[in-house]
Structures are given as structure tokens and as C-alpha cells.
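The next block holds one structure in the form of C-alpha cells; read it before the comments.
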Amino acid sequence: MKFFLIVLTAIGALTWTGVRVVKARHQSVAVGYLIATETERGDELREELRRLQIDRAALLSPTALEAAGREAGLRVPQPDQVVVLTAGEARGQEATHGR
């Protein structure tokens, strides 16, 4: 009877150990899939960022800005339409040229 209890305990311990090993392996595989999924998502986001940076550069190019201005009805000012302000005049004060 004592031998039977020892064998039964050993079988139980081995079974418990086997279940723990299988569970740990399952968890490591699940984490591996999660890492692969998130790595792929990171790659996709980096590619989207690269495309957005290219789009931004194209939209901010002088040619694109001029075209957008013309579409909005803007035009290049004539020389007599340009007013140059100094720092004092910009604040509503008279310029103190040389004083």
C-alpha cells in the first residue's frame, strides 16, 4: 500500500510538472505571436509615417503652395502694395531710426 501511494504521488507530480511545462510553452508561443503582430504593426506605422512625411513635403513645396494660393484667389502683390514695418511700427509705435 505504501509503495502504491509513493507511485501515485510520483505520477501526480510528473503529471503536474507536465501540465506546467505545456502551459509555459503555450504562453511563450502566444507571446511570440503577439510580438510578431506588434512588430508588423510597428512596420506598418513607420511606412505610414514615411508616406505622410513625403506628402507633407510635397504640400509645403513652393510650387504646391503657389498653386493652392491661386486656387484660393490669391495673387502676388505689386511692389506698391507691400508695406515694410520695423519692430517699433509693428507695435504701434513710431520707429526710432538712429535715436
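Chain labels run A, B, ... following the order of the C-alpha cells; each chain numbers its residues from 1, and ligands are numbered from 1 in the order shown.
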Review point. When DSSP works through the backbone of this structure, what residues of chain A end up as helix (DSSP H, G or I), shown as a PyMOL selection string?
Key: chain A and resi 2-59+62-71+79-81+87-90
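Here atom CA of A:Ala36 stands at a distance of 20.0 Å from atom CA of A:Lys23.
Interatomic distance, atom CA of A:Glu47 to atom CA of A:Leu65: 25.2 Å.
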Check your understanding: Which distance in Å separates atom CA of A:Glu40 and atom CA of A:Ala57, to one decimal?
Key ->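 Result for atom CA of A:Glu40 versus atom CA of A:Ala57: 25.9 Å, one decimal.
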